[in-house]
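Note sheet for the following structure.
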Amino acid sequence: MITGAEIVIRCLQEEKVEFVFGYPGGAVLHIYDALFKQDKVKHVLVRHEQAAVHAADGLARSTHKVGVALVTSGPGATNAVTGIATAYMDSIPLVIITGQVPTHYIGQDAFQECDTVGITRPCVKHNFLVKDVNDIAITMKKAFYIANSGRPGPVVVDIPKDITAAICKFDYPKDIQMRSYTPVVKGHLGQIKKAVKLLLGAKRPMIYTGGGVILSNAAEQLTTLTRRLGFPITNTLMGLGAYPATDPQFLGMPGMHGTFEANMAMQNCDVLLAIGARFDDRVIGNPENFALQPHKIIHVDIDPSSISKRVRVDVPIVGNVPDVLEDMLKLIEAESSKTEIADWWKEIEGWRSKLCMKYTMKDVIMPQYVIEKLYEITGGNAIITSDVGQHQMWAAQYYKFDKPRRWLNSGGLGTMGVGLPYAMGAALANPGMQVACVTGEGSIQMCIQELSTAKQFRLPIKIINLNNRYLGMVRQWQEMFYGSRYAESYMDSLPDFVKLAEAYGHVGIRIERPEDVEGALKKAFVDHKDDLVFLDILTDREANVFPMVAAGKGLSEMILAEDL
Amino acid sequence: MRHIISILLENEAGALSRVAGLFSARGYNIETLTVAPTEDLSLSRLTIVTSGSDEVIEQITKQLNKLIDVIKVVDLSEAAHIERELMLIKVRATGKDREEVKRLADIFRGRIIDVTELTYVIELTGSGSKLDAFIQSIEADLILETVRTGVSGIGRGDRILKV
């Protein structure tokens, strides 16, 4: 017989959890005591519960493992909500254990009580309130299973304090069957045949893939299929790295800040193969103005509710992406003919020759240039995390991701502050890899306290702070759509980031001239390989992200930098 | 279009609020909602009357199926089905109205289940529209109180919703 708290930890051990990100408090003291008495599961003490969930999320994104966070009741749980919602929007597998006041206090407005299950319900894949010590093991088993199967997502397990003190026998179920939850794996073969027929008959085909390809580890199958077909391909913000960005078949990212060629190919194709993507508003713009030519859409997704949600689909295929792609590939291999699409490629090269990503160097540092140099110096091999805003778009546009799970950002919820904790999770889970957090002076301050965690765990993260003294994306919209009235988008009274980094025990470097960028990056990645280096880079104040499709417009209505 | 959606779900704490929360979060409307355990106490049967375009109803069914506690979802109105709703209505029954209300209740096959000198309580079962019709046919100022259960529905013949 062991205590509920010990059972929680034993469950984590059974699930081979290496790191738990958390913050102690009254309701989870028994669990922390059980953590203290073992050394298999390592605890990472963050400085704010939001970062615990983000860091667990960063670990999950960079590894395909389930991220685990542990927080106390009340404010611990409410602080975790932003992290949970962020993971939910991007379908990241997490198990979040929240302490709860003792069962007989629930509903009495006890100290540090909140209705965690109620508060998190709309932003979790599922959640549980454990009311009996005998249910802990089975609930934890279900939580891990639900989090990491089907379309993944965060699962909250809320455990009252008295349940963690109660004792019972520990028996961890080997596998689990739930009559109400049976995710599909194989796609319908008839549908796959229909899709292949459409693909092979296409004159202007296009492949559009999203985060689902990364989440299901299908980059290899996608690459093989795309090369075999010889079709153009675009990866969304969440899908970057699924297909090598340096390959000529890759047209860049689609959407609001996507490339001209990717968006034009989406608009003018006759067969669109969408895989693990959800036709998000930031990707396709206004659905009314989407895909102008007569066309057919094939949509592969594990979540039926993603299909025909925003855009009507002709051939829906519900299934696990790698399985479906393998079935597709088998059918395509059996066909000897190769689709002749030279004319289509000629058209695409025409769009590509616009060089929509070119920018002009100035005597101040251009943010795009920093990302290009970062790419060069890391050899394209770093894990890049970002926060949310202009820097996020520049990182996505100018860092060429050739491999999956190297680009971690909050695409769905757009949460500022994720960059540093994501980098922490990624650095812990991928020792020896270069990890850089591309951020801005606005975003970084939303989880700046984690510089302390990074020091405690000696995480050699490189923070690339593209500091333009503005909330850049807000300012850009104000410039373009609000008559340059910069309401509250100017960051006054910024800290001295170099001194700040030093105060936390890290290395800080300020860069103000373009010619110093490369040297400073080398210094950070080579000389200070094992240190956290905070690069405060003063960039062009009013650089804008281009190309751009304004919100609510169609993808054909792109604004290119040269048009202005 | 009006749809009657029937759901089998785990009879667990919070399962109902997951369904109700889904409707409010995604902006779907609920006209009526009823829920009770089935003959198998581990299961609840929930009936929702909602309306929306075909696309919206498709999304509602898919989103409901996505909820972990939901076992099966069926749109009863897609095929032959029966719907029933129970209403208790308290009406002022004095003077000449006393006889008139009784007659109306008889016409609608309602039953008077509580009688005082001033009021009747009438129990009436039928489709939602029959209950509406009854309310329409009684003078508005005679109605003191109404309470309706919301629609329950079941498929005809061998259409069976079961685990």
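Chain identifiers are assigned as A, B, and so on, following the order in which chains appear in the structure tokens; residues are numbered from 1 within each chain, and ligands are numbered from 1 in order of appearance.
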
* To do: May I have the residues within 7 Å of Tyr470 (chain A) as a list in words, using only C-alpha atoms and disregarding those fewer than 3 positions away in the same chain?
  => Arg475, Ser489, Tyr490 and Met491 of chain A

How would the residues just picked look written out with N, CA and C atoms as a PDB file, in the first residue's frame?
```
ATOM      1  N   ARG A 475       2.221  47.747 -34.049  1.00  0.00           N
ATOM      2  CA  ARG A 475       2.589  49.001 -34.716  1.00  0.00           C
ATOM      3  C   ARG A 475       2.384  48.903 -36.232  1.00  0.00           C
ATOM      4  N   SER A 489       1.634  51.111 -28.511  1.00  0.00           N
ATOM      5  CA  SER A 489       2.492  50.075 -29.080  1.00  0.00           C
ATOM      6  C   SER A 489       3.974  50.414 -28.910  1.00  0.00           C
ATOM      7  N   TYR A 490       4.242  51.540 -28.266  1.00  0.00           N
ATOM      8  CA  TYR A 490       5.618  51.923 -28.013  1.00  0.00           C
ATOM      9  C   TYR A 490       6.028  51.425 -26.640  1.00  0.00           C
ATOM     10  N   MET A 491       7.194  50.782 -26.584  1.00  0.00           N
ATOM     11  CA  MET A 491       7.697  50.253 -25.324  1.00  0.00           C
ATOM     12  C   MET A 491       8.602  51.281 -24.674  1.00  0.00           C
TER      13      MET A 491
END
```

With chain A as the partner and 7 Å as the cut-off, tabulate the residues of chain B that qualify, each row holding the nearest pair of atoms and their distance in Å to one decimal, using only C-alpha atoms, sorted by chain and rising number, as a tab-separated table.
```
residue	atom	partner	partner_atom	distance
B:Gln59	CA	A:Ser305	CA	6.2
B:Lys62	CA	A:Ser305	CA	5.1
B:Gln63	CA	A:Ser305	CA	6.0
B:Ile68	CA	A:Tyr181	CA	5.7
B:Asp69	CA	A:Ser180	CA	5.8
B:Val70	CA	A:Ser180	CA	5.7
B:Ile71	CA	A:Ser180	CA	4.2
```

Would you output that residue set with N, CA, C and O atoms, as a PDB file, in the first residue's frame?
```pdb
ATOM      1  N   GLN B  59     -20.971  20.014 -38.309  1.00  0.00           N
ATOM      2  CA  GLN B  59     -19.954  20.375 -37.329  1.00  0.00           C
ATOM      3  C   GLN B  59     -20.392  20.000 -35.910  1.00  0.00           C
ATOM      4  O   GLN B  59     -19.599  19.503 -35.125  1.00  0.00           O
ATOM      5  N   LYS B  62     -19.874  16.339 -35.444  1.00  0.00           N
ATOM      6  CA  LYS B  62     -18.455  16.003 -35.363  1.00  0.00           C
ATOM      7  C   LYS B  62     -17.855  16.464 -34.037  1.00  0.00           C
ATOM      8  O   LYS B  62     -17.082  15.742 -33.413  1.00  0.00           O
ATOM      9  N   GLN B  63     -18.197  17.680 -33.642  1.00  0.00           N
ATOM     10  CA  GLN B  63     -17.641  18.205 -32.388  1.00  0.00           C
ATOM     11  C   GLN B  63     -18.129  17.390 -31.198  1.00  0.00           C
ATOM     12  O   GLN B  63     -17.383  17.156 -30.251  1.00  0.00           O
ATOM     13  N   ILE B  68     -14.647  13.339 -25.279  1.00  0.00           N
ATOM     14  CA  ILE B  68     -14.194  12.026 -24.821  1.00  0.00           C
ATOM     15  C   ILE B  68     -15.336  11.239 -24.161  1.00  0.00           C
ATOM     16  O   ILE B  68     -15.416  10.024 -24.310  1.00  0.00           O
ATOM     17  N   ASP B  69     -16.225  11.917 -23.452  1.00  0.00           N
ATOM     18  CA  ASP B  69     -17.300  11.207 -22.752  1.00  0.00           C
ATOM     19  C   ASP B  69     -18.432  10.757 -23.675  1.00  0.00           C
ATOM     20  O   ASP B  69     -19.298   9.986 -23.262  1.00  0.00           O
ATOM     21  N   VAL B  70     -18.452  11.267 -24.893  1.00  0.00           N
ATOM     22  CA  VAL B  70     -19.549  10.935 -25.796  1.00  0.00           C
ATOM     23  C   VAL B  70     -19.278   9.609 -26.495  1.00  0.00           C
ATOM     24  O   VAL B  70     -18.206   9.402 -27.068  1.00  0.00           O
ATOM     25  N   ILE B  71     -20.256   8.707 -26.436  1.00  0.00           N
ATOM     26  CA  ILE B  71     -20.068   7.393 -27.054  1.00  0.00           C
ATOM     27  C   ILE B  71     -20.689   7.348 -28.449  1.00  0.00           C
ATOM     28  O   ILE B  71     -20.071   6.883 -29.389  1.00  0.00           O
TER      29      ILE B  71
END
```

* Asked: What's the 8 Å shell around Val321 (chain A), counting only C-alpha atoms, without same-chain residues fewer than 3 positions away, as an NGL selection string?
  -> :A and (212-213 or 216 or 218 or 275-276 or 300-302 or 324-325)

Store the residues picked out above, limited to all heavy atoms, as a PDB file, in the first residue's frame.
```
ATOM      1  N   GLY A 212      -0.230  18.848 -38.325  1.00  0.00           N
ATOM      2  CA  GLY A 212      -0.552  17.429 -38.182  1.00  0.00           C
ATOM      3  C   GLY A 212       0.547  16.513 -38.686  1.00  0.00           C
ATOM      4  O   GLY A 212       0.738  15.415 -38.154  1.00  0.00           O
ATOM      5  N   VAL A 213       1.276  16.976 -39.710  1.00  0.00           N
ATOM      6  CA  VAL A 213       2.367  16.147 -40.252  1.00  0.00           C
ATOM      7  C   VAL A 213       3.511  16.061 -39.226  1.00  0.00           C
ATOM      8  O   VAL A 213       4.115  15.009 -39.028  1.00  0.00           O
ATOM      9  CB  VAL A 213       2.868  16.710 -41.592  1.00  0.00           C
ATOM     10  CG1 VAL A 213       4.065  15.922 -42.096  1.00  0.00           C
ATOM     11  CG2 VAL A 213       1.742  16.684 -42.616  1.00  0.00           C
ATOM     12  N   SER A 216       2.354  13.905 -36.095  1.00  0.00           N
ATOM     13  CA  SER A 216       2.234  12.464 -36.313  1.00  0.00           C
ATOM     14  C   SER A 216       3.541  11.862 -36.842  1.00  0.00           C
ATOM     15  O   SER A 216       3.555  10.693 -37.229  1.00  0.00           O
ATOM     16  CB  SER A 216       1.102  12.195 -37.305  1.00  0.00           C
ATOM     17  OG  SER A 216       1.420  12.791 -38.549  1.00  0.00           O
ATOM     18  N   ALA A 218       5.231  12.381 -39.611  1.00  0.00           N
ATOM     19  CA  ALA A 218       5.050  11.889 -40.971  1.00  0.00           C
ATOM     20  C   ALA A 218       5.928  12.615 -41.982  1.00  0.00           C
ATOM     21  O   ALA A 218       5.698  12.535 -43.183  1.00  0.00           O
ATOM     22  CB  ALA A 218       3.584  12.006 -41.367  1.00  0.00           C
ATOM     23  N   ILE A 275      -2.941  18.216 -45.896  1.00  0.00           N
ATOM     24  CA  ILE A 275      -2.604  17.137 -44.965  1.00  0.00           C
ATOM     25  C   ILE A 275      -2.339  17.715 -43.578  1.00  0.00           C
ATOM     26  O   ILE A 275      -1.444  18.538 -43.398  1.00  0.00           O
ATOM     27  CB  ILE A 275      -1.343  16.377 -45.432  1.00  0.00           C
ATOM     28  CG1 ILE A 275      -1.471  15.957 -46.902  1.00  0.00           C
ATOM     29  CG2 ILE A 275      -1.099  15.165 -44.555  1.00  0.00           C
ATOM     30  CD1 ILE A 275      -0.184  15.426 -47.504  1.00  0.00           C
ATOM     31  N   GLY A 276      -3.113  17.268 -42.616  1.00  0.00           N
ATOM     32  CA  GLY A 276      -2.901  17.700 -41.226  1.00  0.00           C
ATOM     33  C   GLY A 276      -2.893  19.208 -41.079  1.00  0.00           C
ATOM     34  O   GLY A 276      -2.118  19.759 -40.318  1.00  0.00           O
ATOM     35  N   VAL A 300      -6.595  15.189 -45.736  1.00  0.00           N
ATOM     36  CA  VAL A 300      -6.240  14.094 -44.836  1.00  0.00           C
ATOM     37  C   VAL A 300      -6.099  14.669 -43.436  1.00  0.00           C
ATOM     38  O   VAL A 300      -5.290  15.584 -43.218  1.00  0.00           O
ATOM     39  CB  VAL A 300      -4.890  13.457 -45.249  1.00  0.00           C
ATOM     40  CG1 VAL A 300      -4.585  12.264 -44.351  1.00  0.00           C
ATOM     41  CG2 VAL A 300      -4.899  13.059 -46.711  1.00  0.00           C
ATOM     42  N   ASP A 301      -6.868  14.161 -42.483  1.00  0.00           N
ATOM     43  CA  ASP A 301      -6.755  14.648 -41.106  1.00  0.00           C
ATOM     44  C   ASP A 301      -7.279  13.587 -40.160  1.00  0.00           C
ATOM     45  O   ASP A 301      -8.193  12.840 -40.501  1.00  0.00           O
ATOM     46  CB  ASP A 301      -7.539  15.952 -40.922  1.00  0.00           C
ATOM     47  CG  ASP A 301      -6.970  16.802 -39.798  1.00  0.00           C
ATOM     48  OD1 ASP A 301      -7.086  16.404 -38.619  1.00  0.00           O
ATOM     49  OD2 ASP A 301      -6.397  17.865 -40.100  1.00  0.00           O
ATOM     50  N   ILE A 302      -6.701  13.549 -38.970  1.00  0.00           N
ATOM     51  CA  ILE A 302      -7.161  12.554 -37.994  1.00  0.00           C
ATOM     52  C   ILE A 302      -8.433  13.026 -37.299  1.00  0.00           C
ATOM     53  O   ILE A 302      -9.148  12.240 -36.693  1.00  0.00           O
ATOM     54  CB  ILE A 302      -6.047  12.235 -36.974  1.00  0.00           C
ATOM     55  CG1 ILE A 302      -6.372  10.931 -36.255  1.00  0.00           C
ATOM     56  CG2 ILE A 302      -5.844  13.376 -35.989  1.00  0.00           C
ATOM     57  CD1 ILE A 302      -5.186  10.144 -35.838  1.00  0.00           C
ATOM     58  N   VAL A 324      -1.940   6.972 -43.786  1.00  0.00           N
ATOM     59  CA  VAL A 324      -2.624   7.343 -45.022  1.00  0.00           C
ATOM     60  C   VAL A 324      -1.607   7.601 -46.135  1.00  0.00           C
ATOM     61  O   VAL A 324      -1.777   7.143 -47.266  1.00  0.00           O
ATOM     62  CB  VAL A 324      -3.516   8.589 -44.802  1.00  0.00           C
ATOM     63  CG1 VAL A 324      -4.106   9.073 -46.119  1.00  0.00           C
ATOM     64  CG2 VAL A 324      -4.614   8.292 -43.797  1.00  0.00           C
ATOM     65  N   LEU A 325      -0.519   8.306 -45.796  1.00  0.00           N
ATOM     66  CA  LEU A 325       0.479   8.627 -46.823  1.00  0.00           C
ATOM     67  C   LEU A 325       1.144   7.360 -47.349  1.00  0.00           C
ATOM     68  O   LEU A 325       1.436   7.250 -48.545  1.00  0.00           O
ATOM     69  CB  LEU A 325       1.527   9.606 -46.279  1.00  0.00           C
ATOM     70  CG  LEU A 325       1.014  10.997 -45.910  1.00  0.00           C
ATOM     71  CD1 LEU A 325       2.174  11.938 -45.599  1.00  0.00           C
ATOM     72  CD2 LEU A 325       0.139  11.605 -46.991  1.00  0.00           C
TER      73      LEU A 325
END
```

* **Counting only C-alpha atoms, the residue of A:Asp270, A:Asp280, A:Asp343, A:Glu488 that sits nearest Ile298 (chain A)** =>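 Using only C-alpha atoms, the shortest distance to Ile298 (chain A) belongs to A:Asp270.
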
* Identify, with DSSP run on backbone atoms, the residues in region 9-151 of chain B assigned to helix (DSSP H, G or I), and express the list as number ranges by chain. => B: 15-25, 54-66, 76-78, 95-107, 128-137, 140-142

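Excluding region 4-20 of chain A and any residue on its chain fewer than 4 positions from it, the residues at most 7 Å away by only C-alpha atoms are His30, Ile31, Ala34, Leu35, Lys40, Val41, Lys42, His43, Val44, Val68, Ala69, Leu70, Val133, Ile136, Ala137, Met140, Ile163, Thr164, Ala165, Ala166, Ile167, Phe170 and Tyr172 of chain A.
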
Write a file of the selected residues as a compact mmCIF listing (two decimals), in the first residue's frame, keeping N, CA, C and O atoms.
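Everything below was put into again_8.txt:
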```
# COMPACT_ATOMS: atom_id res chain seq x y z
N HIS A 30 2.02 16.84 -0.71
CA HIS A 30 2.24 15.39 -0.61
C HIS A 30 2.94 14.88 -1.87
O HIS A 30 3.84 14.04 -1.80
N ILE A 31 2.53 15.40 -3.02
CA ILE A 31 3.14 14.95 -4.28
C ILE A 31 4.61 15.38 -4.34
O ILE A 31 5.48 14.61 -4.74
N ALA A 34 6.63 13.10 -2.30
CA ALA A 34 6.88 11.83 -3.00
C ALA A 34 7.94 12.00 -4.09
O ALA A 34 8.77 11.11 -4.32
N LEU A 35 7.95 13.16 -4.74
CA LEU A 35 8.97 13.46 -5.75
C LEU A 35 10.36 13.47 -5.11
O LEU A 35 11.33 12.97 -5.68
N LYS A 40 14.05 9.21 -10.23
CA LYS A 40 13.84 8.89 -11.65
C LYS A 40 13.21 10.06 -12.38
O LYS A 40 13.62 10.41 -13.48
N VAL A 41 12.20 10.63 -11.79
CA VAL A 41 11.53 11.78 -12.41
C VAL A 41 12.18 13.04 -11.89
O VAL A 41 12.23 13.27 -10.68
N LYS A 42 12.72 13.85 -12.81
CA LYS A 42 13.39 15.07 -12.39
C LYS A 42 12.41 16.23 -12.42
O LYS A 42 11.64 16.37 -13.38
N HIS A 43 12.45 17.04 -11.40
CA HIS A 43 11.54 18.18 -11.35
C HIS A 43 12.28 19.45 -11.75
O HIS A 43 13.40 19.69 -11.32
N VAL A 44 11.65 20.24 -12.59
CA VAL A 44 12.23 21.51 -13.01
C VAL A 44 11.39 22.63 -12.40
O VAL A 44 10.22 22.80 -12.74
N VAL A 68 4.85 17.08 -19.18
CA VAL A 68 4.12 16.98 -17.91
C VAL A 68 4.40 18.21 -17.05
O VAL A 68 5.55 18.63 -16.89
N ALA A 69 3.33 18.79 -16.50
CA ALA A 69 3.46 19.92 -15.59
C ALA A 69 2.70 19.60 -14.31
O ALA A 69 1.73 18.86 -14.32
N LEU A 70 3.18 20.19 -13.23
CA LEU A 70 2.60 19.94 -11.91
C LEU A 70 2.44 21.28 -11.20
O LEU A 70 3.43 21.98 -10.97
N VAL A 133 -8.70 7.51 -4.21
CA VAL A 133 -7.28 7.14 -4.40
C VAL A 133 -7.14 5.94 -5.33
O VAL A 133 -6.18 5.83 -6.10
N ILE A 136 -6.58 6.85 -9.09
CA ILE A 136 -5.45 7.66 -9.59
C ILE A 136 -4.73 6.96 -10.74
O ILE A 136 -4.53 7.56 -11.82
N ALA A 137 -4.38 5.70 -10.54
CA ALA A 137 -3.56 5.02 -11.55
C ALA A 137 -4.30 4.93 -12.89
O ALA A 137 -3.75 5.29 -13.94
N MET A 140 -4.54 8.36 -14.53
CA MET A 140 -3.27 8.79 -15.13
C MET A 140 -3.03 8.04 -16.44
O MET A 140 -2.58 8.62 -17.43
N ILE A 163 -6.81 13.02 -1.29
CA ILE A 163 -6.67 11.82 -2.14
C ILE A 163 -5.18 11.46 -2.29
O ILE A 163 -4.83 10.29 -2.40
N THR A 164 -4.33 12.47 -2.25
CA THR A 164 -2.89 12.18 -2.38
C THR A 164 -2.33 11.64 -1.07
O THR A 164 -1.24 11.08 -1.04
N ALA A 165 -3.07 11.83 0.03
CA ALA A 165 -2.61 11.31 1.33
C ALA A 165 -3.14 9.91 1.59
O ALA A 165 -2.53 9.12 2.31
N ALA A 166 -4.30 9.59 1.00
CA ALA A 166 -4.91 8.27 1.21
C ALA A 166 -4.01 7.19 0.64
O ALA A 166 -3.16 7.46 -0.21
N ILE A 167 -4.19 5.95 1.09
CA ILE A 167 -3.33 4.88 0.60
C ILE A 167 -4.14 3.77 -0.09
O ILE A 167 -5.31 3.57 0.22
N PHE A 170 -0.86 -0.18 -5.52
CA PHE A 170 -0.56 0.41 -6.83
C PHE A 170 -0.53 -0.66 -7.89
O PHE A 170 0.17 -1.66 -7.77
N TYR A 172 -0.50 -0.45 -12.08
CA TYR A 172 -0.63 0.41 -13.27
C TYR A 172 -1.12 -0.41 -14.45
O TYR A 172 -0.48 -1.41 -14.82
```

* **Counting only C-alpha atoms, the option among B:Ala105, B:Val115, B:Ile60, B:Leu8 closest to Ser24 (chain B)** => B:Ile60

* To do: Identify which of the residues B:Thr32, B:Ser6, B:Thr116, B:Thr146 lies closest to Glu78 (chain B), counting only C-alpha atoms when measuring atom-to-atom distances.
  =>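 The answer is B:Ser6, which sits nearest to Glu78 (chain B).
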
Neighbours of Val73 (chain B) within 12 Å (only C-alpha atoms; same-chain residues fewer than 2 positions away dropped), as a CSV table (one decimal) with N, CA and C atoms, in the first residue's frame?
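Result went into selection-v6.csv, see below:
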```
chain,number,residue,atom,x,y,z
A,180,SER,N,-15.8,5.0,-25.2
A,180,SER,CA,-16.2,6.3,-25.8
A,180,SER,C,-15.1,7.0,-26.6
B,4,ILE,N,-33.1,17.1,-34.2
B,4,ILE,CA,-33.1,16.5,-32.9
B,4,ILE,C,-31.9,15.6,-32.8
B,5,ILE,N,-30.9,16.0,-31.9
B,5,ILE,CA,-29.7,15.2,-31.8
B,5,ILE,C,-29.7,14.4,-30.5
B,6,SER,N,-29.5,13.1,-30.7
B,6,SER,CA,-29.5,12.2,-29.5
B,6,SER,C,-28.1,11.7,-29.3
B,7,ILE,N,-27.7,11.7,-28.0
B,7,ILE,CA,-26.4,11.4,-27.6
B,7,ILE,C,-26.3,10.4,-26.5
B,8,LEU,N,-25.5,9.4,-26.7
B,8,LEU,CA,-25.2,8.5,-25.6
B,8,LEU,C,-23.9,8.9,-25.0
B,9,LEU,N,-23.9,9.2,-23.7
B,9,LEU,CA,-22.6,9.6,-23.1
B,9,LEU,C,-22.4,8.9,-21.7
B,19,VAL,N,-21.0,19.0,-22.9
B,19,VAL,CA,-21.9,19.1,-24.1
B,19,VAL,C,-22.4,20.6,-24.1
B,45,ARG,N,-28.5,9.3,-21.6
B,45,ARG,CA,-29.0,9.7,-22.9
B,45,ARG,C,-29.4,11.1,-22.9
B,46,LEU,N,-28.9,11.8,-23.9
B,46,LEU,CA,-29.2,13.3,-23.9
B,46,LEU,C,-29.8,13.6,-25.2
B,47,THR,N,-30.8,14.4,-25.2
B,47,THR,CA,-31.4,14.9,-26.4
B,47,THR,C,-31.4,16.4,-26.6
B,48,ILE,N,-30.9,16.8,-27.7
B,48,ILE,CA,-30.8,18.3,-27.9
B,48,ILE,C,-31.6,18.7,-29.1
B,57,ILE,N,-24.9,21.7,-38.6
B,57,ILE,CA,-25.3,20.4,-38.0
B,57,ILE,C,-24.2,19.4,-38.2
B,58,GLU,N,-23.5,19.4,-39.3
B,58,GLU,CA,-22.4,18.5,-39.5
B,58,GLU,C,-21.3,18.7,-38.5
B,60,ILE,N,-21.7,20.2,-35.6
B,60,ILE,CA,-22.2,19.9,-34.2
B,60,ILE,C,-22.0,18.4,-34.0
B,61,THR,N,-22.3,17.6,-34.9
B,61,THR,CA,-22.2,16.1,-34.8
B,61,THR,C,-20.7,15.8,-34.6
B,62,LYS,N,-19.9,16.3,-35.4
B,62,LYS,CA,-18.5,16.0,-35.4
B,62,LYS,C,-17.9,16.5,-34.0
B,63,GLN,N,-18.2,17.7,-33.6
B,63,GLN,CA,-17.6,18.2,-32.4
B,63,GLN,C,-18.1,17.4,-31.2
B,64,LEU,N,-19.4,17.0,-31.2
B,64,LEU,CA,-19.9,16.1,-30.1
B,64,LEU,C,-19.2,14.8,-30.1
B,65,ASN,N,-19.0,14.2,-31.2
B,65,ASN,CA,-18.3,12.9,-31.3
B,65,ASN,C,-16.8,13.1,-30.7
B,66,LYS,N,-16.3,14.3,-30.8
B,66,LYS,CA,-14.9,14.5,-30.4
B,66,LYS,C,-14.8,14.5,-28.9
B,67,LEU,N,-15.9,14.8,-28.2
B,67,LEU,CA,-15.9,14.8,-26.7
B,67,LEU,C,-15.6,13.4,-26.2
B,69,ASP,N,-16.2,11.9,-23.5
B,69,ASP,CA,-17.3,11.2,-22.8
B,69,ASP,C,-18.4,10.8,-23.7
B,70,VAL,N,-18.5,11.3,-24.9
B,70,VAL,CA,-19.5,10.9,-25.8
B,70,VAL,C,-19.3,9.6,-26.5
B,71,ILE,N,-20.3,8.7,-26.4
B,71,ILE,CA,-20.1,7.4,-27.1
B,71,ILE,C,-20.7,7.3,-28.4
B,75,ASP,N,-28.4,12.0,-35.4
B,75,ASP,CA,-29.3,13.0,-35.7
B,75,ASP,C,-30.7,12.3,-36.0
B,76,LEU,N,-31.6,12.3,-35.0
B,76,LEU,CA,-32.8,11.6,-35.2
B,76,LEU,C,-33.6,12.1,-36.3
B,160,ILE,N,-31.8,1.9,-33.8
B,160,ILE,CA,-31.6,1.8,-32.3
B,160,ILE,C,-30.3,2.4,-32.0
B,161,LEU,N,-30.3,3.3,-30.9
B,161,LEU,CA,-29.1,3.9,-30.5
B,161,LEU,C,-28.7,3.2,-29.2
B,162,LYS,N,-27.6,2.4,-29.3
B,162,LYS,CA,-27.2,1.6,-28.2
B,162,LYS,C,-25.7,1.4,-28.3
B,163,VAL,N,-25.0,1.1,-27.2
B,163,VAL,CA,-23.6,0.9,-27.2
B,163,VAL,C,-23.3,-0.4,-27.9
```

* Please identify which residues in region 427-527 of chain A DSSP calls strand (DSSP E or B) from the backbone, and express them as a PyMOL selection string. => chain A and resi 435-440+462-467+470+490+507-511

* All residues 10 Å or closer to Ser137 (chain B), only C-alpha atoms, same chain fewer than 4 positions away omitted, as a VMD selection string -> chain B and resid 101 104 131 to 133

File dump, residues just selected, N, CA, C and O atoms, as a compact mmCIF listing (two decimals), in the first residue's frame:
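Output file selection.txt follows:
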```txt
# COMPACT_ATOMS: atom_id res chain seq x y z
N VAL B 101 -61.33 25.68 -20.29
CA VAL B 101 -59.99 25.12 -20.17
C VAL B 101 -60.05 23.60 -20.12
O VAL B 101 -59.26 22.90 -20.75
N LEU B 104 -60.59 22.29 -23.60
CA LEU B 104 -59.36 22.36 -24.40
C LEU B 104 -58.38 21.26 -24.02
O LEU B 104 -57.78 20.62 -24.87
N LEU B 131 -47.39 21.12 -28.06
CA LEU B 131 -47.41 21.89 -26.81
C LEU B 131 -47.52 23.39 -27.11
O LEU B 131 -48.26 24.11 -26.44
N ASP B 132 -46.81 23.81 -28.15
CA ASP B 132 -46.90 25.22 -28.57
C ASP B 132 -48.34 25.55 -28.93
O ASP B 132 -48.87 26.60 -28.55
N ALA B 133 -48.97 24.63 -29.68
CA ALA B 133 -50.34 24.87 -30.14
C ALA B 133 -51.28 24.98 -28.95
O ALA B 133 -52.20 25.82 -28.94
```

* Minimum-distance residue to Arg469 (chain A), chosen among A:Ile2, A:Val157, A:Val533, A:Leu538 (using only C-alpha atoms) -> A:Leu538

* For Glu502 (chain A), work out the shell of residues within 12 Å, counting only C-alpha atoms and skipping chain neighbours fewer than 5 positions away, then give it as a PyMOL selection string. => chain A and resi 451-452+455+496-497+507-509+531-535

* **Atomic distance CA of Arg111 (chain B) - CA of Val91 (chain B), expressed in Å with one decimal** =>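 Separation between CA of Arg111 (chain B) and CA of Val91 (chain B): 12.7 Å.
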
* Just give me the gap between CA of Asp115 (chain A) and CA of Gly74 (chain A) in Å, one decimal is fine. => 7.9 Å

* Point-to-point distance in Å for CA of Thr339 (chain A) and CA of Pro232 (chain A) -> 12.4 Å

* Given only C-alpha atoms as the counted atoms, nearest of A:Gln434, A:Thr385, A:Thr72, A:Asn217 to Gly419 (chain A) ->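 Closest residue, counting only C-alpha atoms: A:Thr385.
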
* Nearest to Pro254 (chain A) by atom-to-atom distance, counting only C-alpha atoms, from A:Gly107, A:Gly241, A:Gly285, A:Pro322 ->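 When distances to Pro254 (chain A) are compared using only C-alpha atoms, the smallest one comes from A:Gly285.
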